[in-house]
Amino acid sequence: MPGSPLLADLIEALRCLPGVGGKSAQRMAFHLLERERTRGLKLAGVLREAMERIGNCTRCRNFSEEPVCALCANASRDRQVLCVVESPTDLAAIEQATGYRGQYFVLLGRLSPLDGLGPEELGLAQLSARLGEGEIEEMIIATNPTVEGEATAHYLAQLARAGGVKPTRLAHGVPLGGELEYVDRGTLAHAFGSRQALE
Amino acid sequence: MLLDQQPAYVLHARPYRETSLLLECLTRDHGRLGVVARGVRRERARLQRAQLEPFQPLALDLLLRGELATLRGVEPVGMPLRLAGDAGLAGLYLNELVVRLTGRQDPQPDLFEAYDRTLPRLAEEGTLAWQLRRFERDLLASVGYALQLETEADSGEPIMPEGWYRYQVEHGPVACTAGAARVIRGADLLALAADQRPDAAGVAALRRLMREVIRFHLGGAELHAWRVLAAAMSRR
């Protein structure tokens with residue numbers, strides 16, 4: 001940016017956001033400088049505070065600025081059920097779509113040898129310890145229905161059984177409102193194989 | 001270069017930019033290729049994304065230019081293969097092995113065939129370890145590190161089934177005494193050469209041998225899948 005190295009720095013820094021290229025970053029920077037100085041300052045403050053203070057909950061590994069997050073600390077949630085997800089966004093999706101009232105554990109990844117992600121990176125020792133506390137009766141495995149997610153689910157199921165906990169897995173199937181003709185073969189084969197009796 | 005209906009498998013996928021994937025594919029005629037699949041992480045491309053999972057035989061239309069290829073079309077071939085449980089973990093091991101031991105754009109039709117043959121076999125009951133040993137043997141042979149399994153290293157004498165050997169990497173089997181460390185029975189070497197499954201102890205000995213050879217060719221590095229498999233097996 002001619003004349004202002006600081007403005008150029010701001011534009012470059014904004015490009016770290018998902019979906020933001022050079023053009024959008026420039027628009028954002030000008031917008032903040034021209035019209036939103038106060039809120040821009042607020043953004044800067046919150047951003048700094050969040051980056052410095054938000055870590056991971058020691059019980060579920062979800063983002064939290066406290067050692068134990070609000071969800072884990074909530075006494076009204078069911079402590080007998082634990083749902084294991086790959087990422088905080090998966091946790092948010094389940095919270096929004098279902099009436100689930102149990103606890104969570106966030107892996108922050110999936111077993112993926114080619115990405116260098118193994119049991120240690122996923123905090124599985126921590127998960128084992130939690131299963132060993134004896135409160136949990138069911139572990140809902142909600143990893144993604146991908147090859148790596150399935151391998152992770154298999155591994156987690158072994159872990160649960162070793163800890164005397166019943167493992168369950170999210171069902172796979174044809175999407176609601178979908179037409180069979182347009183469902184991919186893998187999903188259809190899976191849905192066909194795990195069909196259920198109509199009551 | 002345009003490649004039409006190239007038989008291929010996806011070995012690994014990682015997010016690339018906002019909506020794309022960077023795939024590592026094993027193709028029949030061009031070896032391992034890095035392939036950019038544009039826009040397949042968009043909600044509307046869910047069908048395509050589902051097809052680009054590992055272990056599914058595919059026919060890819062690719063535009064190969066420079067280091068990376070661009071995906072122009074994908075079609076599944078045949079029935080989808082479902083590798084559940086340990087077979088799935090073993091499949092991930094296979095994929096890591098191929099990615100770590102091959103270079104991009106190095107044509108290896110034998111390797112593609114071996115991979116294509118091995119995947120359905122992983123699902124067979126009770127022979128998982130043996131199927132991995134067979135694949136490792138074929139993979140090493142196709143990348144130019146074939147094992148010498150039928151004759152001794154220095155003398156060129158045939159391997160004796162009842163003899164004991166120590167396998168020296170890049171050299172071959174050398175006769176030694178039964179009690180020595182890291183030894184293997186001649187019968188197990190011959191079994192691997194003849195593609196006949198040995199007993200469980202033989203398969204385990206071959207596993208140790210293969211690890212040593214693979215570690216050597218990786219420059220002493222470990223495969224991540226070994227950690228995962230070891231932890232999974234330890235809970236039996």
# chains A, B, ... in the order shown; residues from 1 in each chain; ligands from 1
>>> interface_residues(of="chain B", to="chain A", cutoff="6 Å", atoms="only C-alpha atoms", output="list in words")
Glu18, Leu47, Pro80, Gly85, Gly88, Leu89, Glu96, His224, Ala225 and Val228 of chain B
>>> write_last_selection(atoms="N, CA and C atoms", output="PDB file, in the first residue's frame")
ATOM      1  N   GLU B  18      -9.640 -22.716   0.625  1.00  0.00           N
ATOM      2  CA  GLU B  18     -10.915 -22.627   1.325  1.00  0.00           C
ATOM      3  C   GLU B  18     -11.839 -23.824   1.069  1.00  0.00           C
ATOM      4  N   LEU B  47     -21.317 -35.069  -2.789  1.00  0.00           N
ATOM      5  CA  LEU B  47     -21.275 -36.359  -3.474  1.00  0.00           C
ATOM      6  C   LEU B  47     -19.854 -36.659  -3.953  1.00  0.00           C
ATOM      7  N   PRO B  80     -18.042 -50.334  -3.816  1.00  0.00           N
ATOM      8  CA  PRO B  80     -17.189 -49.701  -2.814  1.00  0.00           C
ATOM      9  C   PRO B  80     -16.679 -50.747  -1.833  1.00  0.00           C
ATOM     10  N   GLY B  85     -12.810 -51.769  11.078  1.00  0.00           N
ATOM     11  CA  GLY B  85     -11.982 -52.245  12.186  1.00  0.00           C
ATOM     12  C   GLY B  85     -10.503 -52.286  11.870  1.00  0.00           C
ATOM     13  N   GLY B  88      -9.265 -51.419   8.466  1.00  0.00           N
ATOM     14  CA  GLY B  88      -9.186 -49.994   8.170  1.00  0.00           C
ATOM     15  C   GLY B  88      -7.864 -49.397   8.637  1.00  0.00           C
ATOM     16  N   LEU B  89      -7.441 -49.783   9.850  1.00  0.00           N
ATOM     17  CA  LEU B  89      -6.142 -49.306  10.363  1.00  0.00           C
ATOM     18  C   LEU B  89      -5.019 -49.810   9.468  1.00  0.00           C
ATOM     19  N   GLU B  96       0.262 -45.021   4.178  1.00  0.00           N
ATOM     20  CA  GLU B  96       1.447 -44.295   4.647  1.00  0.00           C
ATOM     21  C   GLU B  96       2.705 -44.901   4.020  1.00  0.00           C
ATOM     22  N   HIS B 224       4.283 -43.527  11.316  1.00  0.00           N
ATOM     23  CA  HIS B 224       3.307 -43.183  12.357  1.00  0.00           C
ATOM     24  C   HIS B 224       2.317 -44.324  12.562  1.00  0.00           C
ATOM     25  N   ALA B 225       1.993 -45.022  11.463  1.00  0.00           N
ATOM     26  CA  ALA B 225       0.998 -46.106  11.561  1.00  0.00           C
ATOM     27  C   ALA B 225       1.481 -47.223  12.488  1.00  0.00           C
ATOM     28  N   VAL B 228       0.202 -46.450  15.886  1.00  0.00           N
ATOM     29  CA  VAL B 228      -1.239 -46.652  15.997  1.00  0.00           C
ATOM     30  C   VAL B 228      -1.548 -48.141  16.073  1.00  0.00           C
TER      31      VAL B 228
END
>>> residues_around(residues="Arg59 in chain A", least_positions_apart="5", cutoff="12 Å", atoms="only C-alpha atoms", output="list in words")
Ser64, Glu66, Pro67, Val68, Cys69, Ala70, Leu71, Cys72, Ala73, Leu82, Gln103, Tyr104, Phe105, Val106, Leu107, Gly123, Leu124, Ala125, Gln126, Leu127, Ser128, Ala129, Arg130, Leu131 and Glu133 of chain A
>>> closest_residue(among="B:Asp61, B:Glu152, B:Glu212, B:Glu136", to="Tyr93 in chain B", atoms="only C-alpha atoms")
B:Glu136
>>> residues_around(residues="Glu12 in chain A", least_positions_apart="6", cutoff="12 Å", atoms="only C-alpha atoms", output="ChimeraX atom specification")
/A:1,5-6,20-29
>>> residues_around(residues="Asp110 in chain B", least_positions_apart="5", cutoff="9 Å", atoms="only C-alpha atoms", output="ChimeraX atom specification")
/B:28,115,138-139,141-142
>>> residues_around(residues="Gly144 in chain B", least_positions_apart="6", cutoff="12 Å", atoms="only C-alpha atoms", output="MDAnalysis selection string")
chainID B and resid 101:102 106 108 110:111 137:138 170 217
>>> write_last_selection(atoms="all heavy atoms", output="PDB file, in the first residue's frame")
ATOM      1  N   LEU B 101       7.390 -44.337   0.757  1.00  0.00           N
ATOM      2  CA  LEU B 101       8.428 -45.064   0.011  1.00  0.00           C
ATOM      3  C   LEU B 101       8.444 -44.788  -1.494  1.00  0.00           C
ATOM      4  O   LEU B 101       9.316 -45.277  -2.201  1.00  0.00           O
ATOM      5  CB  LEU B 101       8.312 -46.571   0.243  1.00  0.00           C
ATOM      6  CG  LEU B 101       8.892 -47.094   1.566  1.00  0.00           C
ATOM      7  CD1 LEU B 101       8.680 -48.586   1.692  1.00  0.00           C
ATOM      8  CD2 LEU B 101      10.376 -46.778   1.709  1.00  0.00           C
ATOM      9  N   THR B 102       7.478 -44.035  -1.990  1.00  0.00           N
ATOM     10  CA  THR B 102       7.495 -43.744  -3.425  1.00  0.00           C
ATOM     11  C   THR B 102       7.645 -42.254  -3.659  1.00  0.00           C
ATOM     12  O   THR B 102       7.297 -41.454  -2.795  1.00  0.00           O
ATOM     13  CB  THR B 102       6.176 -44.176  -4.104  1.00  0.00           C
ATOM     14  OG1 THR B 102       5.103 -43.431  -3.525  1.00  0.00           O
ATOM     15  CG2 THR B 102       5.907 -45.660  -3.953  1.00  0.00           C
ATOM     16  N   ASP B 106       6.391 -41.213 -10.516  1.00  0.00           N
ATOM     17  CA  ASP B 106       7.336 -42.277 -10.828  1.00  0.00           C
ATOM     18  C   ASP B 106       6.480 -43.510 -11.146  1.00  0.00           C
ATOM     19  O   ASP B 106       5.967 -44.153 -10.240  1.00  0.00           O
ATOM     20  CB  ASP B 106       8.221 -42.508  -9.583  1.00  0.00           C
ATOM     21  CG  ASP B 106       9.300 -43.535  -9.848  1.00  0.00           C
ATOM     22  OD1 ASP B 106       9.453 -43.947 -11.007  1.00  0.00           O
ATOM     23  OD2 ASP B 106       9.985 -43.917  -8.883  1.00  0.00           O
ATOM     24  N   GLN B 108       4.695 -46.852 -11.571  1.00  0.00           N
ATOM     25  CA  GLN B 108       4.909 -48.178 -11.005  1.00  0.00           C
ATOM     26  C   GLN B 108       3.670 -49.040 -11.169  1.00  0.00           C
ATOM     27  O   GLN B 108       2.907 -49.228 -10.229  1.00  0.00           O
ATOM     28  CB  GLN B 108       5.259 -48.064  -9.511  1.00  0.00           C
ATOM     29  CG  GLN B 108       6.716 -47.891  -9.264  1.00  0.00           C
ATOM     30  CD  GLN B 108       6.998 -46.915  -8.143  1.00  0.00           C
ATOM     31  OE1 GLN B 108       6.085 -46.374  -7.554  1.00  0.00           O
ATOM     32  NE2 GLN B 108       8.259 -46.702  -7.863  1.00  0.00           N
ATOM     33  N   ASP B 110       3.336 -52.193 -11.362  1.00  0.00           N
ATOM     34  CA  ASP B 110       3.322 -53.364 -10.483  1.00  0.00           C
ATOM     35  C   ASP B 110       2.767 -52.994  -9.117  1.00  0.00           C
ATOM     36  O   ASP B 110       2.027 -53.757  -8.505  1.00  0.00           O
ATOM     37  CB  ASP B 110       4.742 -53.906 -10.253  1.00  0.00           C
ATOM     38  CG  ASP B 110       5.337 -54.421 -11.530  1.00  0.00           C
ATOM     39  OD1 ASP B 110       4.577 -54.547 -12.515  1.00  0.00           O
ATOM     40  OD2 ASP B 110       6.552 -54.687 -11.549  1.00  0.00           O
ATOM     41  N   LEU B 111       3.162 -51.807  -8.647  1.00  0.00           N
ATOM     42  CA  LEU B 111       2.726 -51.362  -7.334  1.00  0.00           C
ATOM     43  C   LEU B 111       1.218 -51.152  -7.325  1.00  0.00           C
ATOM     44  O   LEU B 111       0.530 -51.549  -6.390  1.00  0.00           O
ATOM     45  CB  LEU B 111       3.456 -50.072  -6.951  1.00  0.00           C
ATOM     46  CG  LEU B 111       2.990 -49.434  -5.642  1.00  0.00           C
ATOM     47  CD1 LEU B 111       3.175 -50.388  -4.489  1.00  0.00           C
ATOM     48  CD2 LEU B 111       3.737 -48.144  -5.391  1.00  0.00           C
ATOM     49  N   ARG B 137       6.484 -56.873   0.598  1.00  0.00           N
ATOM     50  CA  ARG B 137       7.415 -57.540  -0.330  1.00  0.00           C
ATOM     51  C   ARG B 137       7.262 -56.968  -1.741  1.00  0.00           C
ATOM     52  O   ARG B 137       8.238 -56.587  -2.386  1.00  0.00           O
ATOM     53  CB  ARG B 137       7.122 -59.049  -0.337  1.00  0.00           C
ATOM     54  CG  ARG B 137       7.925 -59.858  -1.334  1.00  0.00           C
ATOM     55  CD  ARG B 137       7.270 -61.209  -1.605  1.00  0.00           C
ATOM     56  NE  ARG B 137       5.926 -61.021  -2.169  1.00  0.00           N
ATOM     57  CZ  ARG B 137       4.959 -61.924  -2.111  1.00  0.00           C
ATOM     58  NH1 ARG B 137       5.139 -63.081  -1.505  1.00  0.00           N
ATOM     59  NH2 ARG B 137       3.769 -61.666  -2.643  1.00  0.00           N
ATOM     60  N   ASP B 138       6.009 -56.859  -2.195  1.00  0.00           N
ATOM     61  CA  ASP B 138       5.772 -56.384  -3.562  1.00  0.00           C
ATOM     62  C   ASP B 138       6.120 -54.903  -3.714  1.00  0.00           C
ATOM     63  O   ASP B 138       6.640 -54.481  -4.745  1.00  0.00           O
ATOM     64  CB  ASP B 138       4.311 -56.615  -3.951  1.00  0.00           C
ATOM     65  CG  ASP B 138       3.983 -58.106  -3.991  1.00  0.00           C
ATOM     66  OD1 ASP B 138       4.937 -58.910  -4.066  1.00  0.00           O
ATOM     67  OD2 ASP B 138       2.792 -58.453  -3.933  1.00  0.00           O
ATOM     68  N   GLU B 170      20.179 -54.554   2.079  1.00  0.00           N
ATOM     69  CA  GLU B 170      20.957 -54.238   0.864  1.00  0.00           C
ATOM     70  C   GLU B 170      22.077 -55.237   0.614  1.00  0.00           C
ATOM     71  O   GLU B 170      22.980 -54.975  -0.175  1.00  0.00           O
ATOM     72  CB  GLU B 170      21.552 -52.822   0.946  1.00  0.00           C
ATOM     73  CG  GLU B 170      20.491 -51.744   0.835  1.00  0.00           C
ATOM     74  CD  GLU B 170      21.028 -50.454   0.262  1.00  0.00           C
ATOM     75  OE1 GLU B 170      22.018 -49.961   0.815  1.00  0.00           O
ATOM     76  OE2 GLU B 170      20.467 -49.966  -0.738  1.00  0.00           O
ATOM     77  N   HIS B 217      15.196 -48.081   4.697  1.00  0.00           N
ATOM     78  CA  HIS B 217      14.924 -47.310   3.484  1.00  0.00           C
ATOM     79  C   HIS B 217      14.287 -45.955   3.778  1.00  0.00           C
ATOM     80  O   HIS B 217      14.279 -45.068   2.925  1.00  0.00           O
ATOM     81  CB  HIS B 217      14.068 -48.118   2.511  1.00  0.00           C
ATOM     82  CG  HIS B 217      14.820 -49.273   1.919  1.00  0.00           C
ATOM     83  ND1 HIS B 217      15.987 -49.104   1.212  1.00  0.00           N
ATOM     84  CD2 HIS B 217      14.602 -50.603   1.969  1.00  0.00           C
ATOM     85  CE1 HIS B 217      16.449 -50.281   0.840  1.00  0.00           C
ATOM     86  NE2 HIS B 217      15.629 -51.216   1.283  1.00  0.00           N
TER      87      HIS B 217
END
>>> closest_residue(among="B:Ala187, B:Val203, B:Ala45, B:Val213", to="Gly172 in chain B", atoms="only C-alpha atoms")
B:Val213
>>> atom_distance(atom1="CA of Asn144 in chain A", atom2="CA of Ala197 in chain A")
25.2 Å
